[in-house]
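Asks: Before I ask anything, here is the structure I am working with.
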Amino acid sequence: MKITITREIAVSLSFLLFGAGVFYSIYSIEVVEGVNALYTQVMIVPNFVTAVLFDWRGFDTLGECLILITSVLVTGMVFGKGLFNWDFLREVYREEDGKDVDLGFTPIIKVLAVPMAVLLMVLGVVVILGGHITPGGGFQGGALISAAYVLAMVAFGRGRCPVRFTHRFLESLESFGALLFLILGLIGMILSGYYLFNIREIYGIPLFPSPPGIGDVGIIPYLNIGVGLKVLAGLSTITTLLVSHRIVSKNIGRG
Amino acid sequence: MIEYLFLPFIGMILGFILGRRISIRLNLWFYLPVGVIVGYLLGPLPYYNFPLSYSFFFTLIGLLLGNLTVREKGSP
Amino acid sequence: MDLQLASFITAGALVVLGLYGFFFVDNVIKKIIALSIISSGVNLTLVAMGYREGGYVPIYIPTVEFQVFSKHMAYPLPQALVLTNIVIGASMLAVMLALSIVFYRKYRTLKTSVILKED
């Protein structure tokens, strides 16, 4: 009991100090002006956020992709995928835990879920493809398609879900997205010497034919497609792993 | 012409891949008018020169093609 | 009140609220929600840093002249950083939720005071 009281006093003191420091530093931030002029000297794509994400700071996006893949791998490992020791899961998941209960929702949600899911998927694809012109991009579009999958799964239950993203399909999509990103970076390395360099055209043929007046977009739409597929696969895999009990039972050999 | 139709074509391919994974049969005569209406409400989404988002419409056509021809059946 | 200053104060309040929840609430899920609130505060700080009074959205419109546009555009760099941060926050959230599920399976409770055997 005494230990608890001392710890709480220490925690509240540090909390006060840290909170005051954070609040003060946030209050006294000054916004400097002016890298916009440098950025806009060379206009490549109309959407400047996409230009920063995929052209000026392309390595950041690559690292972020790898972080998402690592997160999916770690989530799978916690639930028994992979070749490591999962004896603790046998102890944790006892026999009497029961099975997944797939009751589904009321008919109101079931009637609306499939058209909503289809339209959300199509909107997600359009958002992925228009990422270099309009607000949007790979992350947002992938999250929209994943939201369509989650909507169908919540409405119908995992067993009778009409959108059948199997685990194998999601794995191949994720690998394809990451490999597309890496290989497109290699093309820039071969042609110019810099990894992830934005190639506008090869021998006069533009890489992504787009209407005149919005600039040469180069490889940025393909990078958007790769990131979108990867985010779609990652979020769907994480949701499937979190929602289901049967996968763990199958993994530890009790299914 | 290929400049305006390249992006919807890639959208059709992606929609084909996704529509193959929907296991129930989608009704063509419901989704085409809904696609036109939603495309009109979206406005000129990727390219600013046509009052209807034809990329949305083409992607929907690709998804319906994938669903109606090579749909995957059976339980997961 | 200035919009940017109001955003900073809101972000500071969010961070402090999240720190309070993270330190003083007993439930593991609520601790995870508090971490997510801290992440929202940090994102709001970054976005508010790039705010400009009466500026344009950073998407180039051909009807505006280029020099005027580059002077009055909001910063695209903090928005890109926030976009990165959101995805990283989502992946961290997934790992934490998975670990909390295994936690609940093992101990049959989510209270940290019970798990650490304190009274």
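Residue numbering restarts at 1 in every chain; chains get A, B, ... in the order shown in the structure tokens, and ligands count up from 1 in that same order.
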If you run DSSP on this backbone, which residues of chain B come out as helix (DSSP H, G or I), and could you give them as a PyMOL selection string?
Replies: chain B and resi 2-19+28-42+54-70
Asks: Would you pick out the contacts of segment 9-13 of chain B at 10 Å or less, using only C-alpha atoms, so that residues sharing its chain but fewer than 3 positions from it are not included, and give the list as a list in words?
Replies: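 The contact residues come out as Val122, Val125, Val126, Ile128, Leu129 and Ile225 of chain A; Ile2, Tyr4, Leu5, Phe6, Phe16, Ile17, Leu18, Gly19, Ser55, Phe56, Phe57, Phe58, Thr59, Leu60, Ile61, Gly62, Leu63, Leu64, Leu65 and Gly66 of chain B.
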Asks: Show me a table, sorted first by chain and then by increasing residue number, of the residues of chain A having an atom at most 6 Å from chain C, each with its shortest atom pair and the distance in Å to one decimal, counting only C-alpha atoms and written as JSON lines.
Replies:
```
{"residue": "A:Gly19", "atom": "CA", "partner": "C:Val16", "partner_atom": "CA", "distance": 5.7}
{"residue": "A:Phe23", "atom": "CA", "partner": "C:Gly12", "partner_atom": "CA", "distance": 5.3}
{"residue": "A:Asn36", "atom": "CA", "partner": "C:Ser70", "partner_atom": "CA", "distance": 5.8}
{"residue": "A:Ala37", "atom": "CA", "partner": "C:Ser70", "partner_atom": "CA", "distance": 5.3}
{"residue": "A:Pro46", "atom": "CA", "partner": "C:Tyr60", "partner_atom": "CA", "distance": 4.8}
{"residue": "A:Asn47", "atom": "CA", "partner": "C:Ile59", "partner_atom": "CA", "distance": 4.4}
{"residue": "A:Phe48", "atom": "CA", "partner": "C:Pro58", "partner_atom": "CA", "distance": 5.6}
{"residue": "A:Val49", "atom": "CA", "partner": "C:Pro76", "partner_atom": "CA", "distance": 5.1}
{"residue": "A:Leu53", "atom": "CA", "partner": "C:Ala80", "partner_atom": "CA", "distance": 5.9}
{"residue": "A:Leu68", "atom": "CA", "partner": "C:Ser91", "partner_atom": "CA", "distance": 5.8}
{"residue": "A:Ser71", "atom": "CA", "partner": "C:Ser91", "partner_atom": "CA", "distance": 5.5}
{"residue": "A:Thr75", "atom": "CA", "partner": "C:Val95", "partner_atom": "CA", "distance": 5.6}
{"residue": "A:Val92", "atom": "CA", "partner": "C:Lys106", "partner_atom": "CA", "distance": 5.0}
```
Asks: Could you name the residues that touch Pro51 of chain B at 8 Å or less, counting only C-alpha atoms, but leaving out those on the same chain fewer than 4 positions away, as a list in words?
Replies: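 So, after excluding close chain neighbours, the residues are Tyr40, Gly43 and Pro44 of chain B.
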Asks: The selected residues should be written to file as a PDB file, in the first residue's frame (atoms: N, CA and C atoms).
Replies:
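Writing the result to out_8.pdb gives the following:
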```
ATOM      1  N   TYR B  40     -22.556  11.345 -61.005  1.00  0.00           N
ATOM      2  CA  TYR B  40     -22.968  12.738 -61.203  1.00  0.00           C
ATOM      3  C   TYR B  40     -22.818  13.537 -59.919  1.00  0.00           C
ATOM      4  N   GLY B  43     -19.223  14.559 -59.230  1.00  0.00           N
ATOM      5  CA  GLY B  43     -18.682  15.624 -60.055  1.00  0.00           C
ATOM      6  C   GLY B  43     -17.468  15.158 -60.828  1.00  0.00           C
ATOM      7  N   PRO B  44     -16.697  16.084 -61.397  1.00  0.00           N
ATOM      8  CA  PRO B  44     -15.522  15.675 -62.183  1.00  0.00           C
ATOM      9  C   PRO B  44     -14.381  15.254 -61.274  1.00  0.00           C
TER      10      PRO B  44
END
```
Asks: At what distance in Å, to one decimal, does atom CA of Glu3 of chain B lie from atom CA of Ser146 of chain A?
Replies: 29.4 Å
Asks: Once you count only C-alpha atoms, what closest atom pair and distance in Å to one decimal does each residue of chain A within 10 Å of chain B have, with rows by chain and rising residue number, as JSON lines?
Replies:
```
{"residue": "A:Val114", "atom": "CA", "partner": "B:Leu26", "partner_atom": "CA", "distance": 9.1}
{"residue": "A:Pro115", "atom": "CA", "partner": "B:Tyr31", "partner_atom": "CA", "distance": 8.2}
{"residue": "A:Ala117", "atom": "CA", "partner": "B:Ile22", "partner_atom": "CA", "distance": 9.9}
{"residue": "A:Val118", "atom": "CA", "partner": "B:Leu60", "partner_atom": "CA", "distance": 8.4}
{"residue": "A:Leu119", "atom": "CA", "partner": "B:Leu60", "partner_atom": "CA", "distance": 8.0}
{"residue": "A:Met121", "atom": "CA", "partner": "B:Leu18", "partner_atom": "CA", "distance": 7.9}
{"residue": "A:Val122", "atom": "CA", "partner": "B:Leu60", "partner_atom": "CA", "distance": 6.0}
{"residue": "A:Leu123", "atom": "CA", "partner": "B:Phe56", "partner_atom": "CA", "distance": 6.7}
{"residue": "A:Gly124", "atom": "CA", "partner": "B:Phe56", "partner_atom": "CA", "distance": 9.5}
{"residue": "A:Val125", "atom": "CA", "partner": "B:Gly11", "partner_atom": "CA", "distance": 6.4}
{"residue": "A:Val126", "atom": "CA", "partner": "B:Phe56", "partner_atom": "CA", "distance": 6.0}
{"residue": "A:Val127", "atom": "CA", "partner": "B:Pro46", "partner_atom": "CA", "distance": 8.3}
{"residue": "A:Ile128", "atom": "CA", "partner": "B:Gly11", "partner_atom": "CA", "distance": 9.1}
{"residue": "A:Leu129", "atom": "CA", "partner": "B:Leu7", "partner_atom": "CA", "distance": 6.9}
{"residue": "A:Gly130", "atom": "CA", "partner": "B:Pro46", "partner_atom": "CA", "distance": 5.0}
{"residue": "A:Gly131", "atom": "CA", "partner": "B:Pro46", "partner_atom": "CA", "distance": 8.2}
{"residue": "A:His132", "atom": "CA", "partner": "B:Pro46", "partner_atom": "CA", "distance": 8.8}
{"residue": "A:Ile133", "atom": "CA", "partner": "B:Pro46", "partner_atom": "CA", "distance": 6.4}
{"residue": "A:Thr134", "atom": "CA", "partner": "B:Pro46", "partner_atom": "CA", "distance": 6.2}
{"residue": "A:Pro135", "atom": "CA", "partner": "B:Pro46", "partner_atom": "CA", "distance": 9.5}
{"residue": "A:Ile145", "atom": "CA", "partner": "B:Leu18", "partner_atom": "CA", "distance": 9.4}
{"residue": "A:Arg158", "atom": "CA", "partner": "B:Pro76", "partner_atom": "CA", "distance": 9.5}
{"residue": "A:Gly159", "atom": "CA", "partner": "B:Pro76", "partner_atom": "CA", "distance": 7.5}
{"residue": "A:Arg160", "atom": "CA", "partner": "B:Ser75", "partner_atom": "CA", "distance": 7.8}
{"residue": "A:Cys161", "atom": "CA", "partner": "B:Ser23", "partner_atom": "CA", "distance": 8.4}
{"residue": "A:Pro162", "atom": "CA", "partner": "B:Ser23", "partner_atom": "CA", "distance": 5.2}
{"residue": "A:Val163", "atom": "CA", "partner": "B:Ile22", "partner_atom": "CA", "distance": 4.6}
{"residue": "A:Arg164", "atom": "CA", "partner": "B:Arg21", "partner_atom": "CA", "distance": 5.3}
{"residue": "A:Phe165", "atom": "CA", "partner": "B:Arg21", "partner_atom": "CA", "distance": 6.4}
{"residue": "A:Thr166", "atom": "CA", "partner": "B:Pro76", "partner_atom": "CA", "distance": 6.7}
{"residue": "A:His167", "atom": "CA", "partner": "B:Pro76", "partner_atom": "CA", "distance": 9.3}
{"residue": "A:Phe169", "atom": "CA", "partner": "B:Arg21", "partner_atom": "CA", "distance": 9.4}
{"residue": "A:Phe208", "atom": "CA", "partner": "B:Phe6", "partner_atom": "CA", "distance": 7.8}
{"residue": "A:Pro209", "atom": "CA", "partner": "B:Glu3", "partner_atom": "CA", "distance": 4.9}
{"residue": "A:Ser210", "atom": "CA", "partner": "B:Glu3", "partner_atom": "CA", "distance": 4.6}
{"residue": "A:Pro211", "atom": "CA", "partner": "B:Glu3", "partner_atom": "CA", "distance": 5.2}
{"residue": "A:Pro212", "atom": "CA", "partner": "B:Glu3", "partner_atom": "CA", "distance": 8.4}
{"residue": "A:Ile214", "atom": "CA", "partner": "B:Tyr47", "partner_atom": "CA", "distance": 9.3}
{"residue": "A:Pro221", "atom": "CA", "partner": "B:Leu7", "partner_atom": "CA", "distance": 9.3}
{"residue": "A:Ile225", "atom": "CA", "partner": "B:Leu14", "partner_atom": "CA", "distance": 9.3}
{"residue": "A:Leu229", "atom": "CA", "partner": "B:Leu14", "partner_atom": "CA", "distance": 9.6}
```
Asks: For each of A:Phe54, A:Leu235, A:Glu8, A:Ala20, take the minimum atom-to-atom distance to Val25 of chain C, counting only C-alpha atoms, then give the residue where this is smallest.
Replies: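 Nearest to Val25 of chain C: A:Glu8.
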Asks: One decimal, Å: what's the distance from atom CA of Val11 of chain A over to atom CA of Gly41 of chain C, could you say?
Replies: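 Distance reported for this atom pair: 21.1 Å.
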Asks: Please compute the atom CA of Val227 of chain A-atom CA of Thr50 of chain A distance, one decimal, in Å.
Replies: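 Atom CA of Val227 of chain A sits 12.1 Å away from atom CA of Thr50 of chain A.
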